[in-house]
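Structure, as structure tokens:
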Amino acid sequence: MEHSIAIRDLTKRYGNFTAVSGLTLEVEPGSICGLLGPNGAGKSTTFKCLLGLARPTSGSIAIEGKPLTPATFQDLAYVPEKSALYENLTLAEHLEYYRRCYARYDAARASELIDMFKLDRKKKVGKFSKGQRTAVSLILAFSLRPRIFVLDEPASGLDPIFQRLVLDLMIEAAAGGASVLFSSHQIGQVERAADRVAILKNGKLVVDGSVDELKTTEKIVEAIFATAAPDIDGLAADPRIRRIERSGRIIRAYVSDGSEAIAKRFEEFSPRDVSIMDLGLEDIFLTAVDGRDATIPHGDLP
Amino acid sequence: MNYIEFLRMRRNITWLAGVLAALALLSMISINVNAYKVHVGADIGGPTGVDVAALFGLALGITLIFATIVGGTLSRENETPEMARTKPFPREQIAFSFLLTDLAAILLAFVISNAFIFLIFLDFCWVVHVRASFHVGEEAGLLVTLGLGVAFMWYALVQAVSSGLRGRGGITIGLSWAYFTILLGLSHVTLFPVPLHDLIMALNLLNPLAYMNSLTTHGDTLSASIPNSIFTLDPWLRAAIVWLIGIAAGVVASYNWKRLEF
């Protein structure tokens, strides 16, 4: 099956600064991929390269198996993180602009979405709130009925009701066969909508997998000792351990795979108790973007 | 025609028409109030009538100002690259559609300016009870071709410089006025050594003002004369040069705009 989006070994440098390094990511038709990462991780740069707003230093990008061309944009809708609307124009004028540009523009769908977001067509975009501007961008994108959505923080500034609506729109689009690549700082949104998650850190892909798969493999192994936690340097070097937290008598290891094996290795240090706990997506994210080792002050852990 | 640029130019033209209407109204009030002080003959413009080219000259001045003001439009699009550059059209085509829309607006600004100038002139004739007859002088075609060419060249040079910048079109427009005026002034200074004077003259090749640095009219007959230039070239050749430089600058502007990265 042809990937909707295929990013291969993408690197983007600005002078000496590497914004994205060797990123490989694929999005399948009918799927939703959530791109996570702290600020400056390279998410927006990835989107810019994907849309041809920035030229990759190396690597390749293919949309439905072909390099990006102007015609690609007939089937690709983009919602940027910051509003890129014309502040002096009304919503109606934006809709007219899109009607003239896109063959697949659906006026009925646009009207339906305007009613959903309760916006005034005659109002200038500059007079809308931040959330309403995001809604305008979403209306424009979803009224095109494209095969591919690239959404950078699509729920930014929206209230919880409309955030849920955006997720529903994405899920509905994917159910109809469209592919969605979106970024968000709200992990709950990603957990709810995405069937696949990619986490970037310092421009590099550090986690990539389906949400269910990650929840199955990513675990916390917690060891409680009778006295102060021993030195476990040898264990900490295990590549399956993403991060270790120490607090008094407790050591927590965030493992990407093989939690049973790691628990057995903890047994070698004679703990009072060892347990394996499930990780939520938020824990997986924090583990992936935080350092490998962290010492939590006493009292921070229960 | 680019719809976004069409809306922008429609707004600019509306503003221009509003300002000119206000100025025309003030002028007509002033003419009516001071009509008793004016003493003119039974007709105006002499036996052949008023050379319309003389009135065109005023309109060209207004058009030139309008053309430079709208010169930063591609730069403005760089403030919202995600909107302008993710459309299903080649980017050079988008840039050219902006330039063509702006050129149409510049021509329309010339027509509107003429309309108001003729309105004021006819009001004057009516108030002071004189006949006004018109004729199209020999230089009218040249004056309009050269004048609009100078306006377009200035516009296109501003676009060429600012299209690769992010939202600094306004500064470029302001600096262009200072740069072109000073450069033209320097070309008249005779104290400079020859190499420096030659350099100034070379730089003036890309100065629209250098191709038409004054519009003279004969006040008694209101007929237009060939505009002056620091270059001793045939006026029609000057007109061809300014249009060619304008077109070349438009191509450069499109290329700069297309290749800009974000």
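Letters A, B, ... mark the chains of the structure tokens in the order given; residue numbers begin at 1 per chain; ligand numbers begin at 1, in order shown.
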
*asked:* Just list as a PyMOL selection string whatever in stretch 199-282 of chain A DSSP marks as alpha helix (DSSP H).
replied: chain A and resi 211-217+233-236+259-267+281-282

Write a file of the just-selected residues containing N, CA and C atoms, as a compact mmCIF listing (two decimals), in the first residue's frame.
# COMPACT_ATOMS: atom_id res chain seq x y z
N VAL A 211 -0.43 3.58 19.25
CA VAL A 211 -0.70 3.92 20.65
C VAL A 211 -0.86 2.64 21.46
N ASP A 212 -1.60 1.67 20.96
CA ASP A 212 -1.82 0.42 21.70
C ASP A 212 -0.51 -0.33 21.91
N GLU A 213 0.29 -0.36 20.85
CA GLU A 213 1.58 -1.07 20.92
C GLU A 213 2.49 -0.41 21.96
N LEU A 214 2.51 0.91 21.96
CA LEU A 214 3.37 1.61 22.92
C LEU A 214 2.90 1.35 24.35
N LYS A 215 1.58 1.31 24.52
CA LYS A 215 1.06 1.08 25.87
C LYS A 215 1.37 -0.35 26.33
N THR A 216 1.49 -1.26 25.38
CA THR A 216 1.80 -2.65 25.72
C THR A 216 3.27 -2.80 26.10
N THR A 217 4.12 -2.12 25.37
CA THR A 217 5.56 -2.32 25.59
C THR A 217 6.15 -1.35 26.61
N ASP A 233 24.16 1.25 38.57
CA ASP A 233 24.78 1.76 37.34
C ASP A 233 24.73 0.77 36.18
N GLY A 234 25.05 -0.45 36.46
CA GLY A 234 25.08 -1.47 35.41
C GLY A 234 23.72 -1.63 34.76
N LEU A 235 22.69 -1.58 35.60
CA LEU A 235 21.33 -1.75 35.09
C LEU A 235 20.88 -0.54 34.28
N ALA A 236 21.28 0.64 34.76
CA ALA A 236 20.86 1.89 34.09
C ALA A 236 21.37 1.98 32.66
N SER A 259 9.92 -5.42 30.04
CA SER A 259 9.76 -5.02 31.44
C SER A 259 9.97 -6.20 32.39
N GLU A 260 9.55 -7.40 31.96
CA GLU A 260 9.71 -8.59 32.82
C GLU A 260 11.20 -8.85 33.08
N ALA A 261 11.98 -8.72 32.02
CA ALA A 261 13.43 -8.97 32.15
C ALA A 261 14.07 -7.92 33.05
N ILE A 262 13.65 -6.70 32.92
CA ILE A 262 14.22 -5.63 33.75
C ILE A 262 13.84 -5.87 35.22
N ALA A 263 12.58 -6.32 35.44
CA ALA A 263 12.14 -6.59 36.81
C ALA A 263 13.01 -7.68 37.42
N LYS A 264 13.34 -8.69 36.63
CA LYS A 264 14.19 -9.78 37.14
C LYS A 264 15.58 -9.27 37.51
N ARG A 265 16.08 -8.33 36.70
CA ARG A 265 17.42 -7.78 37.00
C ARG A 265 17.38 -6.96 38.28
N PHE A 266 16.24 -6.31 38.53
CA PHE A 266 16.09 -5.55 39.80
C PHE A 266 16.16 -6.50 40.99
N GLU A 267 15.63 -7.72 40.80
CA GLU A 267 15.61 -8.71 41.89
C GLU A 267 17.03 -8.98 42.40
N LEU A 281 0.04 7.55 27.86
CA LEU A 281 0.77 8.22 26.79
C LEU A 281 1.56 9.42 27.32
N GLU A 282 0.99 10.07 28.33
CA GLU A 282 1.69 11.22 28.91
C GLU A 282 3.01 10.78 29.53

*Would you list the contacts of stretch 84-93 of chain B as number ranges by chain, taking every protein, DNA or RNA residue within 10 Å and counting only C-alpha atoms, but skipping same-chain residues closer than 3 positions in sequence?*
A: 51-53, 69-78, 84-86, 98, 101-103; B: 2, 4, 74, 77-81, 96-99, 251, 253-259

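Using only C-alpha atoms for every distance, the candidate list A:Ala175, A:Ile61, A:Val255, A:Val27 yields A:Val255 as the residue closest to A:Ile284.
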
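Take atom CA of B:Trp243 and atom CA of B:Gly185: the distance between them is 22.8 Å.
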
I'd like the contact shell of B:Leu143 - 8 Å cut-off, only C-alpha atoms, skipping same-chain residues fewer than 4 positions apart - returned as an mmCIF file with N, CA and C atoms, in the first residue's frame.
data_model
loop_
_atom_site.group_PDB
_atom_site.id
_atom_site.type_symbol
_atom_site.label_atom_id
_atom_site.label_comp_id
_atom_site.auth_asym_id
_atom_site.auth_seq_id
_atom_site.Cartn_x
_atom_site.Cartn_y
_atom_site.Cartn_z
ATOM 1 N N ALA B 53 -3.025 66.200 -22.688
ATOM 2 C CA ALA B 53 -1.780 65.665 -22.138
ATOM 3 C C ALA B 53 -1.320 66.474 -20.927
ATOM 4 N N PHE B 56 -3.149 65.070 -18.193
ATOM 5 C CA PHE B 56 -2.622 63.726 -17.926
ATOM 6 C C PHE B 56 -1.406 63.787 -16.988
ATOM 7 N N GLY B 57 -0.611 64.831 -17.163
ATOM 8 C CA GLY B 57 0.609 64.958 -16.360
ATOM 9 C C GLY B 57 0.308 64.927 -14.876
ATOM 10 N N GLU B 139 2.122 64.952 -28.133
ATOM 11 C CA GLU B 139 2.923 64.248 -27.127
ATOM 12 C C GLU B 139 2.074 63.432 -26.146
ATOM 13 N N GLY B 147 5.028 57.989 -18.799
ATOM 14 C CA GLY B 147 4.634 58.217 -17.400
ATOM 15 C C GLY B 147 4.182 56.944 -16.709
ATOM 16 N N ILE B 226 7.584 67.468 -24.126
ATOM 17 C CA ILE B 226 8.246 66.189 -23.866
ATOM 18 C C ILE B 226 8.936 66.244 -22.506
ATOM 19 N N PRO B 227 8.744 65.267 -21.674
ATOM 20 C CA PRO B 227 9.373 65.269 -20.359
ATOM 21 C C PRO B 227 10.893 65.218 -20.477
#

*Using only C-alpha atoms, find the one residue out of B:Leu20, B:Val252, B:Ile69, B:Ile112 that sits nearest to B:Gly169.*
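The shortest atom-to-atom distance to B:Gly169 comes from B:Ile69.
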
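Each of B:Val50, B:Met83, B:Val128, B:Ile120 was compared to chain A using only C-alpha atoms, and B:Met83 turns out to be the nearest.
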
*Nearest candidate to chain B (options A:Gly59, A:Pro29, A:Pro80, A:Pro38; using only C-alpha atoms)*: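 Residue with the minimum atom-to-atom distance to chain B: A:Pro80.
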
*Excluding same-chain residues fewer than 6 positions from B:Phe231, what lies within 9 Å of it counting only C-alpha atoms, as an MDAnalysis selection string?*
chainID B and resid 201 205 210:211 238

Can you write out the residues you just picked, keeping all heavy atoms, as a PDB file, in the first residue's frame?
ATOM      1  N   MET B 201      25.713  58.202 -12.826  1.00  0.00           N
ATOM      2  CA  MET B 201      24.892  58.067 -14.043  1.00  0.00           C
ATOM      3  C   MET B 201      24.537  56.601 -14.290  1.00  0.00           C
ATOM      4  O   MET B 201      23.407  56.279 -14.710  1.00  0.00           O
ATOM      5  CB  MET B 201      25.634  58.639 -15.265  1.00  0.00           C
ATOM      6  CG  MET B 201      25.783  60.148 -15.238  1.00  0.00           C
ATOM      7  SD  MET B 201      24.218  61.022 -15.144  1.00  0.00           S
ATOM      8  CE  MET B 201      23.649  60.850 -16.834  1.00  0.00           C
ATOM      9  N   LEU B 205      20.635  54.514 -14.221  1.00  0.00           N
ATOM     10  CA  LEU B 205      19.981  53.699 -15.252  1.00  0.00           C
ATOM     11  C   LEU B 205      18.814  52.918 -14.653  1.00  0.00           C
ATOM     12  O   LEU B 205      17.841  52.602 -15.334  1.00  0.00           O
ATOM     13  CB  LEU B 205      20.987  52.727 -15.888  1.00  0.00           C
ATOM     14  CG  LEU B 205      22.023  53.358 -16.824  1.00  0.00           C
ATOM     15  CD1 LEU B 205      23.096  52.337 -17.180  1.00  0.00           C
ATOM     16  CD2 LEU B 205      21.346  53.881 -18.101  1.00  0.00           C
ATOM     17  N   ALA B 210      14.966  59.187 -13.329  1.00  0.00           N
ATOM     18  CA  ALA B 210      15.967  59.681 -14.280  1.00  0.00           C
ATOM     19  C   ALA B 210      15.442  59.691 -15.715  1.00  0.00           C
ATOM     20  O   ALA B 210      15.991  60.372 -16.578  1.00  0.00           O
ATOM     21  CB  ALA B 210      17.226  58.814 -14.202  1.00  0.00           C
ATOM     22  N   TYR B 211      14.389  58.921 -15.963  1.00  0.00           N
ATOM     23  CA  TYR B 211      13.844  58.845 -17.325  1.00  0.00           C
ATOM     24  C   TYR B 211      12.758  59.895 -17.572  1.00  0.00           C
ATOM     25  O   TYR B 211      12.290  60.056 -18.683  1.00  0.00           O
ATOM     26  CB  TYR B 211      13.275  57.443 -17.589  1.00  0.00           C
ATOM     27  CG  TYR B 211      14.364  56.411 -17.613  1.00  0.00           C
ATOM     28  CD1 TYR B 211      14.754  55.757 -16.447  1.00  0.00           C
ATOM     29  CD2 TYR B 211      15.038  56.099 -18.791  1.00  0.00           C
ATOM     30  CE1 TYR B 211      15.772  54.821 -16.457  1.00  0.00           C
ATOM     31  CE2 TYR B 211      16.059  55.160 -18.813  1.00  0.00           C
ATOM     32  CZ  TYR B 211      16.421  54.527 -17.642  1.00  0.00           C
ATOM     33  OH  TYR B 211      17.437  53.612 -17.664  1.00  0.00           O
ATOM     34  N   ARG B 238      13.230  55.920 -24.351  1.00  0.00           N
ATOM     35  CA  ARG B 238      13.145  55.973 -22.882  1.00  0.00           C
ATOM     36  C   ARG B 238      11.909  55.227 -22.393  1.00  0.00           C
ATOM     37  O   ARG B 238      11.959  54.476 -21.422  1.00  0.00           O
ATOM     38  CB  ARG B 238      13.064  57.432 -22.420  1.00  0.00           C
ATOM     39  CG  ARG B 238      14.407  58.091 -22.231  1.00  0.00           C
ATOM     40  CD  ARG B 238      14.249  59.407 -21.540  1.00  0.00           C
ATOM     41  NE  ARG B 238      13.998  60.498 -22.477  1.00  0.00           N
ATOM     42  CZ  ARG B 238      13.263  61.561 -22.219  1.00  0.00           C
ATOM     43  NH1 ARG B 238      12.666  61.686 -21.045  1.00  0.00           N
ATOM     44  NH2 ARG B 238      13.098  62.519 -23.102  1.00  0.00           N
TER      45      ARG B 238
END

_When you count only C-alpha atoms, which of these residues is closest to chain B: A:Ala141, A:Asp283, A:Leu36, A:Phe128?_
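Checking each of A:Ala141, A:Asp283, A:Leu36, A:Phe128 against chain B, counting only C-alpha atoms, the winner is A:Ala141.
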
*asked:* I'd like the neighbourhood of B:Ala17 as a list in words, where a residue qualifies if any of its atoms comes within 10 Å (using only C-alpha atoms), though same-chain residues fewer than 4 positions away should be ignored.
replied: Arg11, Asn12, Ile13, Ala21, Ala22, Leu23, Ala109, Ile112, Ser113, Ala115 and Phe116 of chain B

Same residues, N, CA, C and O atoms, saved as a PDB file, in the first residue's frame:
ATOM      1  N   ARG B  11      -9.653  47.657  -2.409  1.00  0.00           N
ATOM      2  CA  ARG B  11      -9.629  48.516  -1.216  1.00  0.00           C
ATOM      3  C   ARG B  11      -8.747  49.739  -1.460  1.00  0.00           C
ATOM      4  O   ARG B  11      -9.108  50.870  -1.113  1.00  0.00           O
ATOM      5  N   ASN B  12      -7.584  49.517  -2.070  1.00  0.00           N
ATOM      6  CA  ASN B  12      -6.669  50.643  -2.337  1.00  0.00           C
ATOM      7  C   ASN B  12      -7.280  51.648  -3.308  1.00  0.00           C
ATOM      8  O   ASN B  12      -7.158  52.861  -3.126  1.00  0.00           O
ATOM      9  N   ILE B  13      -7.942  51.125  -4.337  1.00  0.00           N
ATOM     10  CA  ILE B  13      -8.579  52.008  -5.327  1.00  0.00           C
ATOM     11  C   ILE B  13      -9.724  52.783  -4.667  1.00  0.00           C
ATOM     12  O   ILE B  13      -9.924  53.979  -4.943  1.00  0.00           O
ATOM     13  N   ALA B  21     -11.830  62.283  -4.250  1.00  0.00           N
ATOM     14  CA  ALA B  21     -13.163  62.897  -4.177  1.00  0.00           C
ATOM     15  C   ALA B  21     -13.158  64.026  -3.147  1.00  0.00           C
ATOM     16  O   ALA B  21     -13.718  65.110  -3.381  1.00  0.00           O
ATOM     17  N   ALA B  22     -12.511  63.776  -2.014  1.00  0.00           N
ATOM     18  CA  ALA B  22     -12.435  64.799  -0.968  1.00  0.00           C
ATOM     19  C   ALA B  22     -11.651  66.012  -1.470  1.00  0.00           C
ATOM     20  O   ALA B  22     -12.067  67.169  -1.277  1.00  0.00           O
ATOM     21  N   LEU B  23     -10.522  65.748  -2.132  1.00  0.00           N
ATOM     22  CA  LEU B  23      -9.710  66.847  -2.671  1.00  0.00           C
ATOM     23  C   LEU B  23     -10.473  67.609  -3.759  1.00  0.00           C
ATOM     24  O   LEU B  23     -10.423  68.842  -3.822  1.00  0.00           O
ATOM     25  N   ALA B 109      -5.970  53.469 -11.499  1.00  0.00           N
ATOM     26  CA  ALA B 109      -5.676  54.670 -10.691  1.00  0.00           C
ATOM     27  C   ALA B 109      -5.454  55.868 -11.620  1.00  0.00           C
ATOM     28  O   ALA B 109      -5.890  56.989 -11.319  1.00  0.00           O
ATOM     29  N   ILE B 112      -8.916  56.964 -12.939  1.00  0.00           N
ATOM     30  CA  ILE B 112      -9.693  57.637 -11.877  1.00  0.00           C
ATOM     31  C   ILE B 112      -9.119  59.030 -11.601  1.00  0.00           C
ATOM     32  O   ILE B 112      -9.866  60.005 -11.453  1.00  0.00           O
ATOM     33  N   SER B 113      -7.789  59.112 -11.549  1.00  0.00           N
ATOM     34  CA  SER B 113      -7.148  60.414 -11.302  1.00  0.00           C
ATOM     35  C   SER B 113      -7.526  61.404 -12.394  1.00  0.00           C
ATOM     36  O   SER B 113      -7.853  62.571 -12.124  1.00  0.00           O
ATOM     37  N   ALA B 115     -10.194  61.357 -14.210  1.00  0.00           N
ATOM     38  CA  ALA B 115     -11.616  61.693 -14.087  1.00  0.00           C
ATOM     39  C   ALA B 115     -11.799  62.849 -13.105  1.00  0.00           C
ATOM     40  O   ALA B 115     -12.534  63.811 -13.390  1.00  0.00           O
ATOM     41  N   PHE B 116     -11.126  62.772 -11.964  1.00  0.00           N
ATOM     42  CA  PHE B 116     -11.281  63.833 -10.962  1.00  0.00           C
ATOM     43  C   PHE B 116     -10.645  65.143 -11.433  1.00  0.00           C
ATOM     44  O   PHE B 116     -11.180  66.222 -11.203  1.00  0.00           O
TER      45      PHE B 116
END
